[in-house]
Each structure stands twice: as C-alpha cells, then as structure tokens.
Amino acid sequence: MPIRILPPPGAPRVLAAAQLSNSVGDGAYYVCSALYFVRVVGLSPTQIGLGLTVAWAVGSVAGVPLGALADRRGPRGTAVLLALATSAAVASFLTIRSFSLFLVAACVYAVAQCGLAATRQALLAGLVAPADRTGVLAHLQSTLNAGLALGAALGGLALSRDTAGAYLAVFAMDAVSFLVCAVVLLRLPTVAPVPGRGSGEPRLAVLRDRPYAVVTLINAVLLLRMPLLSLAIPLWIVERTNAPSWLVSALFVLNTLAVMAFQVRTARAVTGLRTASRAVWHSSVIMFASCLVFALSAAGLPGWTAAAILVVGATLQVVAEMRQSAGSWQISFALAPAHQVGQYQGFFGTGVPVARTLGPLLLTALLVTWGVPGWLLLGSVFLGAGAATGPAVRWAERSRASRAGTERSAYSHTGQDAGAAAVRA
C-alpha cells in the first residue's frame, strides 16, 4: 500500500501545506537553537533552560483564552495573526543579545505557538466533518514529521558549518516559514465565529468541566513520552549503555520515518470514543513493554547487542506514540462542545507544553539517576494512565450528555414560556 502523506484536496490539503511550511523551519530551529543561543546570543545553558521553562509555562496558560478568542472571532483570522506573531518572535532572536529580552521573546514565541496549535484545531473542526477529523490529523502528523525531517537536515548543514552566519540563516528561515504559513492559511475558507455566550455560561467553560480536565491530565501524563527521544534516551545511551553514540540520530530517523509511513494507517482503526480509549490503552501497554526493553539495554551487553535492543525499544515506542496520538485526537474533539472547540482544544493542548516543561526534569531524575528502577516506574505510570483513560472518557461522555439534556430542557421551557406569553398577548 503506497504511503500517502498529504490528505485529500481541499481544506485538509491547505492545512497540510501550512503545517509543512512552518515545520521545515521548526525542524532546523530545534536542531540549532541550543547552540545558537549559546554561541550567538551569548547565554549560558542555565539561562536557556530557565528561559524556555518559564516561556512554555506561560504558553500553557495562554492556550485556553487564545482558543476561546478563536471561537469568538473566527479561527482563520486568529490563526493567521498567531502565525505572524510567531514569525516576529523568531525574527527578534536575530537581534537579541541579553537574557531579559530573550525571556520576553521566548514567552511571545511559546504563547503564539500554543495559541496557534489551538486555533488550527478549531479551524480544522470548522472545515472538516467530525468523522474525518482523526484521519486528517493523522495526515497532518505525517506532514509534520516530513517537514521536521527536512528541516533537521538543513539544520545539520548549519551545524556542520558552525558559524554565526549559518545559525542566523536558520533562524531567518524559521521566521519566513511562519510568514508562509500565514499566507497559506489565508487560502482557507472563512469559518464563522460561534454565537455569543448564553445566559449564565462562563467565559471559559472548559475550566469548569472537571471530567474533561481529568482526561486532559491523563493525556499530559502520557505525553511524558515526548522528551524521551530528544533528551532521556540520548543521555541513557551515552551514560548507561555500550551502544555507539551515533545511534541517537538513527533512532530519531527511525521515529520520524515510522510516523510518516504508518500514522495514517494506524489512525484508521479509531472511529469513536470506544475505539479511541482502546487505542490509548493498547498504547500504554506497548509503552510499558518499551520501557522494559530500554531498561534491558543497560545490562552490560556488548555495543551491537545493546544497539539492537535499543532499536526494538524505539520501535515499540513509536508504535505506542502513533496509537496514543490517534486516540487522543478523537477523544479531544468528541468530548468538546461544537461551539467551544477552540478553548477546549487550547486546554487539551496544554499537555504538550507541560510535558516540555516538566518532562526533562522528571525523566532525567527517573532514568539517568535511578537507572533501571526508573524505567520500571515510568512504564508503570504509562500503564496506569492508559488504564484510567477509558473510565475518565466515559465519565466525560456522561457529563456532556447530561449538560446537553439540561440545555435542551431549558431551551424547551423558554420556548413554551415565550409561546404562552404570545397567546396571552
């Protein structure tokens, strides 16, 4: 079966083109950013870590109100403005040479990125039928990985040159990529804003939706897998195994190519909340097995044997990643009210910056410091979160059905009262 990265023509393909444009720039940015901030901006690693932690913490809080803004003002225009804001933030890094200005720019960058992710989801919800959303998101994920891979290759060229000019070119390219993204998003049809809030409805209703908050929290725990490939596993390979250090890049390539090739196919099995919960549970079981395999690689084995075991662990990890992604996409949309998709997606998306903020510290302490027991504990955490997903989703589904019934009843009574008043008049 041929690999299809791009979704069908129309709005989904335009969304994919926007995703591809900025993911190329982001791929190069991720590869080069640390060295750029040290060698060109002149920051210390501690300053970089502190600045990015604060920035992503601020970004995680901003996702909900920016998503709500997309609901009220229309997601296309909001997404375009946030893409432009991201471009401006990246462009500002070209001239910033102090920690205070770096912190401000990093916060703007993180806020714009988190808001852009939420508004894109709201835009997709307004343009794609509910039954097709998970499939389209799978295509977008494949497109994202293709762009990141290409961008990482371009960033690798800058690393090989290791000059200020090369790093500046990468950041300029990333800024331009978000400008292109904004232009591409303008090709989409306009999605009408949702009606204003009803009487008594809170401004940010998602913050009072406890079942959805629990589902979001469980998803954030499962997203702790994100820093594994970029931080924990590289440190594990170098410090705890006899595998060659170049395996770090090989495992990254394996992950990227696997998602490009199989994410769409994996998502086809997810068609509703029941299959989504099952996919997340299967993902957690596979992640638990992956953690066991990674732990085994530190058993004093010869280099090539350890490398083979690490490849098996990474393969299990990417299979789990694809299943968890497909399940979480379906869950996040299916449990969100149609008129509040932006704020609900903004809230659900906070799991990503939370994982980026807390994940490195937690995983470094668990895996690099504790070693094998840390892998066993991490695998158990994934397994517990996967087991809790089904009950939490069913609770949220019942809660949403109850609210919908209450709203229909209130509307019915209002209509009857209005009718009676008209008769009396």
# chains A, B, ... in the order shown; residues from 1 in each chain; ligands from 1
call {"tool": "closest_atom_pairs", "arguments": {"of": "stretch 65-99 of chain A", "to": "stretch 323-340 of chain A", "cutoff": "12 Å", "atoms": "only C-alpha atoms", "output": "tab-separated table"}}
result
residue	atom	partner	partner_atom	distance
A:Pro65	CA	A:Gln340	CA	11.2
A:Leu66	CA	A:Gln340	CA	11.7
A:Gly67	CA	A:Gln340	CA	8.4
A:Ala68	CA	A:Gln340	CA	7.0
A:Leu69	CA	A:Gln340	CA	10.0
A:Ala70	CA	A:Gln340	CA	9.2
A:Asp71	CA	A:Gln340	CA	6.2
A:Arg72	CA	A:Gln340	CA	8.9
A:Arg73	CA	A:Gln340	CA	12.0
A:Gly74	CA	A:His339	CA	11.3
A:Pro75	CA	A:Gln340	CA	11.3
call {"tool": "closest_residue", "arguments": {"among": "A:Val14, A:Val215, A:Val206, A:Ala88", "to": "A:Ala388", "atoms": "only C-alpha atoms"}}
result
A:Val215
call {"tool": "residues_around", "arguments": {"residues": "stretch 311-315 of chain A", "least_positions_apart": "6", "cutoff": "6 Å", "atoms": "only C-alpha atoms", "output": "list in words"}}
result
Ser290, Val293 and Phe294 of chain A
call {"tool": "residues_around", "arguments": {"residues": "stretch 182-192 of chain A", "least_positions_apart": "6", "cutoff": "9 Å", "atoms": "only C-alpha atoms", "output": "PDB file with all heavy atoms, in the first residue's frame"}}
result
ATOM      1  N   GLY A  10      -8.484  20.083  -1.104  1.00  0.00           N
ATOM      2  CA  GLY A  10      -9.425  20.934  -0.380  1.00  0.00           C
ATOM      3  C   GLY A  10      -8.809  21.501   0.877  1.00  0.00           C
ATOM      4  O   GLY A  10      -7.585  21.615   1.000  1.00  0.00           O
ATOM      5  N   ALA A  11      -9.650  21.824   1.835  1.00  0.00           N
ATOM      6  CA  ALA A  11      -9.180  22.437   3.078  1.00  0.00           C
ATOM      7  C   ALA A  11      -8.141  21.582   3.805  1.00  0.00           C
ATOM      8  O   ALA A  11      -7.140  22.120   4.301  1.00  0.00           O
ATOM      9  CB  ALA A  11     -10.365  22.729   3.997  1.00  0.00           C
ATOM     10  N   VAL A  14      -4.761  22.184   2.255  1.00  0.00           N
ATOM     11  CA  VAL A  14      -4.234  23.516   2.560  1.00  0.00           C
ATOM     12  C   VAL A  14      -3.694  23.555   3.982  1.00  0.00           C
ATOM     13  O   VAL A  14      -2.624  24.127   4.245  1.00  0.00           O
ATOM     14  CB  VAL A  14      -5.335  24.588   2.363  1.00  0.00           C
ATOM     15  CG1 VAL A  14      -4.805  25.969   2.754  1.00  0.00           C
ATOM     16  CG2 VAL A  14      -5.807  24.608   0.917  1.00  0.00           C
ATOM     17  N   LEU A  15      -4.403  22.926   4.916  1.00  0.00           N
ATOM     18  CA  LEU A  15      -3.903  22.831   6.285  1.00  0.00           C
ATOM     19  C   LEU A  15      -2.565  22.094   6.328  1.00  0.00           C
ATOM     20  O   LEU A  15      -1.659  22.464   7.076  1.00  0.00           O
ATOM     21  CB  LEU A  15      -4.923  22.104   7.161  1.00  0.00           C
ATOM     22  CG  LEU A  15      -6.173  22.898   7.564  1.00  0.00           C
ATOM     23  CD1 LEU A  15      -7.218  21.971   8.167  1.00  0.00           C
ATOM     24  CD2 LEU A  15      -5.816  24.005   8.544  1.00  0.00           C
ATOM     25  N   ALA A  17      -0.377  21.957   3.890  1.00  0.00           N
ATOM     26  CA  ALA A  17       0.647  22.836   3.317  1.00  0.00           C
ATOM     27  C   ALA A  17       1.126  23.856   4.339  1.00  0.00           C
ATOM     28  O   ALA A  17       2.326  24.157   4.436  1.00  0.00           O
ATOM     29  CB  ALA A  17       0.088  23.544   2.084  1.00  0.00           C
ATOM     30  N   ALA A  18       0.188  24.396   5.132  1.00  0.00           N
ATOM     31  CA  ALA A  18       0.578  25.328   6.195  1.00  0.00           C
ATOM     32  C   ALA A  18       1.439  24.623   7.232  1.00  0.00           C
ATOM     33  O   ALA A  18       2.435  25.176   7.720  1.00  0.00           O
ATOM     34  CB  ALA A  18      -0.673  25.929   6.841  1.00  0.00           C
ATOM     35  N   SER A  21       4.956  24.048   5.815  1.00  0.00           N
ATOM     36  CA  SER A  21       5.784  25.245   5.665  1.00  0.00           C
ATOM     37  C   SER A  21       6.486  25.610   6.960  1.00  0.00           C
ATOM     38  O   SER A  21       7.695  25.879   6.974  1.00  0.00           O
ATOM     39  CB  SER A  21       4.921  26.415   5.171  1.00  0.00           C
ATOM     40  OG  SER A  21       3.934  26.745   6.142  1.00  0.00           O
ATOM     41  N   ASP A  71     -12.743  30.991  18.929  1.00  0.00           N
ATOM     42  CA  ASP A  71     -14.175  30.669  18.865  1.00  0.00           C
ATOM     43  C   ASP A  71     -15.007  31.928  18.617  1.00  0.00           C
ATOM     44  O   ASP A  71     -15.938  31.921  17.806  1.00  0.00           O
ATOM     45  CB  ASP A  71     -14.637  30.016  20.175  1.00  0.00           C
ATOM     46  CG  ASP A  71     -14.067  28.616  20.375  1.00  0.00           C
ATOM     47  OD1 ASP A  71     -13.799  27.935  19.368  1.00  0.00           O
ATOM     48  OD2 ASP A  71     -13.904  28.210  21.540  1.00  0.00           O
ATOM     49  N   ARG A  72     -14.670  33.012  19.304  1.00  0.00           N
ATOM     50  CA  ARG A  72     -15.487  34.227  19.239  1.00  0.00           C
ATOM     51  C   ARG A  72     -15.214  35.062  18.001  1.00  0.00           C
ATOM     52  O   ARG A  72     -16.120  35.684  17.449  1.00  0.00           O
ATOM     53  CB  ARG A  72     -15.257  35.092  20.490  1.00  0.00           C
ATOM     54  CG  ARG A  72     -15.728  34.465  21.793  1.00  0.00           C
ATOM     55  CD  ARG A  72     -15.801  35.504  22.900  1.00  0.00           C
ATOM     56  NE  ARG A  72     -14.528  36.199  23.084  1.00  0.00           N
ATOM     57  CZ  ARG A  72     -13.565  35.791  23.892  1.00  0.00           C
ATOM     58  NH1 ARG A  72     -13.713  34.678  24.585  1.00  0.00           N
ATOM     59  NH2 ARG A  72     -12.453  36.480  24.017  1.00  0.00           N
ATOM     60  N   ARG A  73     -13.949  35.111  17.559  1.00  0.00           N
ATOM     61  CA  ARG A  73     -13.578  35.988  16.442  1.00  0.00           C
ATOM     62  C   ARG A  73     -13.393  35.266  15.122  1.00  0.00           C
ATOM     63  O   ARG A  73     -13.232  35.904  14.084  1.00  0.00           O
ATOM     64  CB  ARG A  73     -12.272  36.735  16.786  1.00  0.00           C
ATOM     65  CG  ARG A  73     -12.353  37.565  18.053  1.00  0.00           C
ATOM     66  CD  ARG A  73     -13.383  38.654  17.915  1.00  0.00           C
ATOM     67  NE  ARG A  73     -13.423  39.517  19.101  1.00  0.00           N
ATOM     68  CZ  ARG A  73     -14.300  40.491  19.286  1.00  0.00           C
ATOM     69  NH1 ARG A  73     -15.213  40.722  18.359  1.00  0.00           N
ATOM     70  NH2 ARG A  73     -14.284  41.210  20.397  1.00  0.00           N
ATOM     71  N   GLY A  74     -13.390  33.946  15.173  1.00  0.00           N
ATOM     72  CA  GLY A  74     -13.157  33.172  13.952  1.00  0.00           C
ATOM     73  C   GLY A  74     -11.755  32.596  13.959  1.00  0.00           C
ATOM     74  O   GLY A  74     -10.774  33.341  14.169  1.00  0.00           O
ATOM     75  N   PRO A  75     -11.605  31.285  13.730  1.00  0.00           N
ATOM     76  CA  PRO A  75     -10.285  30.669  13.862  1.00  0.00           C
ATOM     77  C   PRO A  75      -9.298  31.000  12.755  1.00  0.00           C
ATOM     78  O   PRO A  75      -8.101  31.011  12.998  1.00  0.00           O
ATOM     79  CB  PRO A  75     -10.615  29.163  13.876  1.00  0.00           C
ATOM     80  CG  PRO A  75     -11.932  29.052  13.202  1.00  0.00           C
ATOM     81  CD  PRO A  75     -12.667  30.316  13.530  1.00  0.00           C
ATOM     82  N   ARG A  76      -9.798  31.289  11.528  1.00  0.00           N
ATOM     83  CA  ARG A  76      -8.828  31.546  10.462  1.00  0.00           C
ATOM     84  C   ARG A  76      -8.048  32.826  10.720  1.00  0.00           C
ATOM     85  O   ARG A  76      -6.806  32.840  10.669  1.00  0.00           O
ATOM     86  CB  ARG A  76      -9.529  31.635   9.100  1.00  0.00           C
ATOM     87  CG  ARG A  76      -8.522  31.623   7.943  1.00  0.00           C
ATOM     88  CD  ARG A  76      -9.155  31.952   6.613  1.00  0.00           C
ATOM     89  NE  ARG A  76      -9.526  33.352   6.513  1.00  0.00           N
ATOM     90  CZ  ARG A  76      -9.786  33.973   5.363  1.00  0.00           C
ATOM     91  NH1 ARG A  76      -9.730  33.309   4.219  1.00  0.00           N
ATOM     92  NH2 ARG A  76     -10.122  35.255   5.350  1.00  0.00           N
ATOM     93  N   GLY A  77      -8.743  33.916  10.999  1.00  0.00           N
ATOM     94  CA  GLY A  77      -8.048  35.178  11.253  1.00  0.00           C
ATOM     95  C   GLY A  77      -7.154  35.103  12.476  1.00  0.00           C
ATOM     96  O   GLY A  77      -6.033  35.641  12.474  1.00  0.00           O
ATOM     97  N   ALA A  79      -5.688  32.397  13.664  1.00  0.00           N
ATOM     98  CA  ALA A  79      -4.521  31.574  13.324  1.00  0.00           C
ATOM     99  C   ALA A  79      -3.506  32.354  12.502  1.00  0.00           C
ATOM    100  O   ALA A  79      -2.291  32.242  12.722  1.00  0.00           O
ATOM    101  CB  ALA A  79      -4.971  30.329  12.558  1.00  0.00           C
ATOM    102  N   VAL A  80      -3.982  33.162  11.583  1.00  0.00           N
ATOM    103  CA  VAL A  80      -3.072  33.978  10.769  1.00  0.00           C
ATOM    104  C   VAL A  80      -2.300  34.954  11.654  1.00  0.00           C
ATOM    105  O   VAL A  80      -1.066  35.103  11.523  1.00  0.00           O
ATOM    106  CB  VAL A  80      -3.859  34.729   9.681  1.00  0.00           C
ATOM    107  CG1 VAL A  80      -2.977  35.782   9.005  1.00  0.00           C
ATOM    108  CG2 VAL A  80      -4.400  33.749   8.639  1.00  0.00           C
ATOM    109  N   LEU A  81      -2.999  35.630  12.569  1.00  0.00           N
ATOM    110  CA  LEU A  81      -2.329  36.583  13.451  1.00  0.00           C
ATOM    111  C   LEU A  81      -1.294  35.894  14.347  1.00  0.00           C
ATOM    112  O   LEU A  81      -0.203  36.433  14.574  1.00  0.00           O
ATOM    113  CB  LEU A  81      -3.366  37.308  14.313  1.00  0.00           C
ATOM    114  CG  LEU A  81      -4.274  38.303  13.578  1.00  0.00           C
ATOM    115  CD1 LEU A  81      -5.322  38.865  14.535  1.00  0.00           C
ATOM    116  CD2 LEU A  81      -3.446  39.427  12.962  1.00  0.00           C
ATOM    117  N   LEU A  82      -1.613  34.692  14.833  1.00  0.00           N
ATOM    118  CA  LEU A  82      -0.668  33.985  15.702  1.00  0.00           C
ATOM    119  C   LEU A  82       0.526  33.463  14.906  1.00  0.00           C
ATOM    120  O   LEU A  82       1.641  33.404  15.434  1.00  0.00           O
ATOM    121  CB  LEU A  82      -1.388  32.842  16.411  1.00  0.00           C
ATOM    122  CG  LEU A  82      -2.376  33.288  17.499  1.00  0.00           C
ATOM    123  CD1 LEU A  82      -3.226  32.125  17.983  1.00  0.00           C
ATOM    124  CD2 LEU A  82      -1.633  33.924  18.676  1.00  0.00           C
ATOM    125  N   ALA A  83       0.318  33.086  13.654  1.00  0.00           N
ATOM    126  CA  ALA A  83       1.458  32.697  12.815  1.00  0.00           C
ATOM    127  C   ALA A  83       2.379  33.888  12.584  1.00  0.00           C
ATOM    128  O   ALA A  83       3.613  33.760  12.622  1.00  0.00           O
ATOM    129  CB  ALA A  83       0.957  32.138  11.479  1.00  0.00           C
ATOM    130  N   LEU A  84       1.796  35.057  12.368  1.00  0.00           N
ATOM    131  CA  LEU A  84       2.609  36.270  12.205  1.00  0.00           C
ATOM    132  C   LEU A  84       3.343  36.615  13.500  1.00  0.00           C
ATOM    133  O   LEU A  84       4.505  37.046  13.471  1.00  0.00           O
ATOM    134  CB  LEU A  84       1.718  37.437  11.781  1.00  0.00           C
ATOM    135  CG  LEU A  84       1.077  37.327  10.386  1.00  0.00           C
ATOM    136  CD1 LEU A  84       0.118  38.484  10.155  1.00  0.00           C
ATOM    137  CD2 LEU A  84       2.159  37.299   9.298  1.00  0.00           C
ATOM    138  N   LEU A 123      -9.944  25.533  13.599  1.00  0.00           N
ATOM    139  CA  LEU A 123     -10.094  25.727  12.156  1.00  0.00           C
ATOM    140  C   LEU A 123     -10.412  24.406  11.473  1.00  0.00           C
ATOM    141  O   LEU A 123     -11.309  24.322  10.620  1.00  0.00           O
ATOM    142  CB  LEU A 123      -8.804  26.334  11.598  1.00  0.00           C
ATOM    143  CG  LEU A 123      -8.794  26.880  10.171  1.00  0.00           C
ATOM    144  CD1 LEU A 123      -9.888  27.909   9.971  1.00  0.00           C
ATOM    145  CD2 LEU A 123      -7.421  27.485   9.864  1.00  0.00           C
ATOM    146  N   GLY A 126     -13.952  23.359  12.053  1.00  0.00           N
ATOM    147  CA  GLY A 126     -14.922  24.110  11.277  1.00  0.00           C
ATOM    148  C   GLY A 126     -14.947  23.755   9.810  1.00  0.00           C
ATOM    149  O   GLY A 126     -15.906  24.090   9.103  1.00  0.00           O
ATOM    150  N   LEU A 127     -13.895  23.088   9.334  1.00  0.00           N
ATOM    151  CA  LEU A 127     -13.783  22.800   7.902  1.00  0.00           C
ATOM    152  C   LEU A 127     -13.880  21.315   7.552  1.00  0.00           C
ATOM    153  O   LEU A 127     -14.064  20.969   6.387  1.00  0.00           O
ATOM    154  CB  LEU A 127     -12.440  23.333   7.373  1.00  0.00           C
ATOM    155  CG  LEU A 127     -12.239  24.854   7.446  1.00  0.00           C
ATOM    156  CD1 LEU A 127     -10.807  25.220   7.074  1.00  0.00           C
ATOM    157  CD2 LEU A 127     -13.222  25.565   6.522  1.00  0.00           C
TER     158      LEU A 127
END
call {"tool": "atom_distance", "arguments": {"atom1": "atom CA of A:Leu154", "atom2": "atom CA of A:Thr357"}}
result
26.3 Å
call {"tool": "closest_residue", "arguments": {"among": "A:Val270, A:Val264, A:Leu20, A:Ala62", "to": "A:Leu150", "atoms": "only C-alpha atoms"}}
result
A:Leu20
call {"tool": "closest_residue", "arguments": {"among": "A:Tyr344, A:Pro8, A:Ser283, A:Met322", "to": "A:Val128", "atoms": "only C-alpha atoms"}}
result
A:Pro8
call {"tool": "select_by_dssp", "arguments": {"residues": "stretch 144-207 of chain A", "states": "helix (DSSP H, G or I)", "output": "count of residues only"}}
result
43
call {"tool": "closest_residue", "arguments": {"among": "A:Ala129, A:Ala106, A:Gly155, A:Thr53", "to": "A:Tyr167", "atoms": "only C-alpha atoms"}}
result
A:Gly155
call {"tool": "atom_distance", "arguments": {"atom1": "atom CA of A:Ala320", "atom2": "atom CA of A:Arg356"}}
result
18.7 Å
call {"tool": "residues_around", "arguments": {"residues": "A:Val354", "least_positions_apart": "6", "cutoff": "12 Å", "atoms": "only C-alpha atoms", "output": "VMD selection string"}}
result
chain A and resid 52 to 61 63 110 114 216 to 227 347 to 348 360 to 362
call {"tool": "write_last_selection", "arguments": {"atoms": "C-alpha atoms", "output": "mmCIF file, in the first residue's frame"}}
result
data_model
loop_
_atom_site.group_PDB
_atom_site.id
_atom_site.type_symbol
_atom_site.label_atom_id
_atom_site.label_comp_id
_atom_site.auth_asym_id
_atom_site.auth_seq_id
_atom_site.Cartn_x
_atom_site.Cartn_y
_atom_site.Cartn_z
ATOM 1 C CA LEU A 52 12.417 28.144 27.989
ATOM 2 C CA THR A 53 10.834 26.636 31.108
ATOM 3 C CA VAL A 54 9.221 29.955 32.007
ATOM 4 C CA ALA A 55 8.180 30.548 28.397
ATOM 5 C CA TRP A 56 6.419 27.209 27.973
ATOM 6 C CA ALA A 57 4.762 27.578 31.365
ATOM 7 C CA VAL A 58 3.313 30.920 30.227
ATOM 8 C CA GLY A 59 2.361 29.406 26.869
ATOM 9 C CA SER A 60 0.457 26.566 28.504
ATOM 10 C CA VAL A 61 -1.720 29.090 30.354
ATOM 11 C CA GLY A 63 -3.712 28.347 25.110
ATOM 12 C CA ALA A 110 5.616 29.981 23.294
ATOM 13 C CA CYS A 114 0.360 27.263 21.891
ATOM 14 C CA THR A 216 -6.532 16.263 29.802
ATOM 15 C CA LEU A 217 -4.396 15.485 32.852
ATOM 16 C CA ILE A 218 -4.176 11.799 31.921
ATOM 17 C CA ASN A 219 -3.172 12.768 28.392
ATOM 18 C CA ALA A 220 -0.463 15.067 29.778
ATOM 19 C CA VAL A 221 0.974 12.116 31.726
ATOM 20 C CA LEU A 222 1.024 10.011 28.561
ATOM 21 C CA LEU A 223 2.776 12.862 26.718
ATOM 22 C CA LEU A 224 5.798 12.455 29.000
ATOM 23 C CA ARG A 225 6.949 10.179 26.187
ATOM 24 C CA MET A 226 7.800 13.326 24.192
ATOM 25 C CA PRO A 227 11.119 14.220 25.908
ATOM 26 C CA PHE A 347 -6.941 23.350 27.214
ATOM 27 C CA PHE A 348 -6.298 19.822 25.944
ATOM 28 C CA PRO A 360 13.087 16.859 31.054
ATOM 29 C CA LEU A 361 13.493 17.258 34.828
ATOM 30 C CA LEU A 362 11.334 14.233 35.692
#
call {"tool": "atom_distance", "arguments": {"atom1": "atom CA of A:Arg13", "atom2": "atom CA of A:Arg265"}}
result
17.5 Å
call {"tool": "closest_residue", "arguments": {"among": "A:Cys107, A:Arg133, A:Cys32, A:Ala306", "to": "A:Thr271", "atoms": "only C-alpha atoms"}}
result
A:Arg133
call {"tool": "residues_around", "arguments": {"residues": "A:Ala153", "least_positions_apart": "6", "cutoff": "10 Å", "atoms": "only C-alpha atoms", "output": "VMD selection string"}}
result
chain A and resid 24 27 to 28 31 147 159
call {"tool": "write_last_selection", "arguments": {"atoms": "N, CA and C atoms", "output": "compact mmCIF listing (two decimals), in the first residue's frame"}}
result
# COMPACT_ATOMS: atom_id res chain seq x y z
N VAL A 24 9.17 22.77 8.51
CA VAL A 24 10.53 22.77 7.97
C VAL A 24 11.40 23.74 8.77
N GLY A 27 11.99 22.36 12.28
CA GLY A 27 12.97 21.27 12.32
C GLY A 27 14.39 21.79 12.40
N ALA A 28 14.68 22.81 11.59
CA ALA A 28 16.01 23.42 11.63
C ALA A 28 16.23 24.16 12.95
N VAL A 31 17.09 21.78 15.92
CA VAL A 31 18.44 21.24 15.84
C VAL A 31 19.48 22.27 16.27
N GLY A 147 8.23 17.50 7.34
CA GLY A 147 8.83 18.82 7.41
C GLY A 147 9.94 18.91 8.44
N LEU A 159 24.90 23.19 11.43
CA LEU A 159 25.78 22.69 12.49
C LEU A 159 27.15 22.32 11.96
call {"tool": "decode", "arguments": {"residues": "stretch 150-183 of chain A", "atoms": "C-alpha atoms", "output": "PDB file, in the first residue's frame"}}
result
ATOM      1  CA  LEU A 150      13.757  18.089   6.075  1.00  0.00           C
ATOM      2  CA  GLY A 151      14.327  20.983   8.457  1.00  0.00           C
ATOM      3  CA  ALA A 152      16.592  18.877  10.662  1.00  0.00           C
ATOM      4  CA  ALA A 153      18.702  18.045   7.618  1.00  0.00           C
ATOM      5  CA  LEU A 154      19.036  21.755   6.799  1.00  0.00           C
ATOM      6  CA  GLY A 155      19.874  22.456  10.428  1.00  0.00           C
ATOM      7  CA  GLY A 156      22.525  19.759  10.238  1.00  0.00           C
ATOM      8  CA  LEU A 157      24.205  21.689   7.428  1.00  0.00           C
ATOM      9  CA  ALA A 158      24.288  24.759   9.682  1.00  0.00           C
ATOM     10  CA  LEU A 159      25.775  22.686  12.494  1.00  0.00           C
ATOM     11  CA  SER A 160      28.488  21.397  10.180  1.00  0.00           C
ATOM     12  CA  ARG A 161      29.410  24.973   9.260  1.00  0.00           C
ATOM     13  CA  ASP A 162      29.206  26.037  12.936  1.00  0.00           C
ATOM     14  CA  THR A 163      29.320  29.757  12.164  1.00  0.00           C
ATOM     15  CA  ALA A 164      27.194  32.656  13.370  1.00  0.00           C
ATOM     16  CA  GLY A 165      26.070  33.278   9.793  1.00  0.00           C
ATOM     17  CA  ALA A 166      24.827  29.714   9.391  1.00  0.00           C
ATOM     18  CA  TYR A 167      22.832  29.850  12.628  1.00  0.00           C
ATOM     19  CA  LEU A 168      21.387  33.266  11.730  1.00  0.00           C
ATOM     20  CA  ALA A 169      20.291  31.843   8.368  1.00  0.00           C
ATOM     21  CA  VAL A 170      18.419  29.032  10.144  1.00  0.00           C
ATOM     22  CA  PHE A 171      16.522  31.446  12.380  1.00  0.00           C
ATOM     23  CA  ALA A 172      15.715  33.704   9.418  1.00  0.00           C
ATOM     24  CA  MET A 173      14.390  30.672   7.542  1.00  0.00           C
ATOM     25  CA  ASP A 174      12.191  29.716  10.506  1.00  0.00           C
ATOM     26  CA  ALA A 175      10.765  33.248  10.686  1.00  0.00           C
ATOM     27  CA  VAL A 176       9.998  33.186   6.954  1.00  0.00           C
ATOM     28  CA  SER A 177       8.396  29.744   7.264  1.00  0.00           C
ATOM     29  CA  PHE A 178       5.747  31.155   9.628  1.00  0.00           C
ATOM     30  CA  LEU A 179       5.108  34.039   7.235  1.00  0.00           C
ATOM     31  CA  VAL A 180       4.478  31.459   4.514  1.00  0.00           C
ATOM     32  CA  CYS A 181       2.226  29.566   6.917  1.00  0.00           C
ATOM     33  CA  ALA A 182       0.137  32.716   7.470  1.00  0.00           C
ATOM     34  CA  VAL A 183      -0.213  33.287   3.717  1.00  0.00           C
TER      35      VAL A 183
END
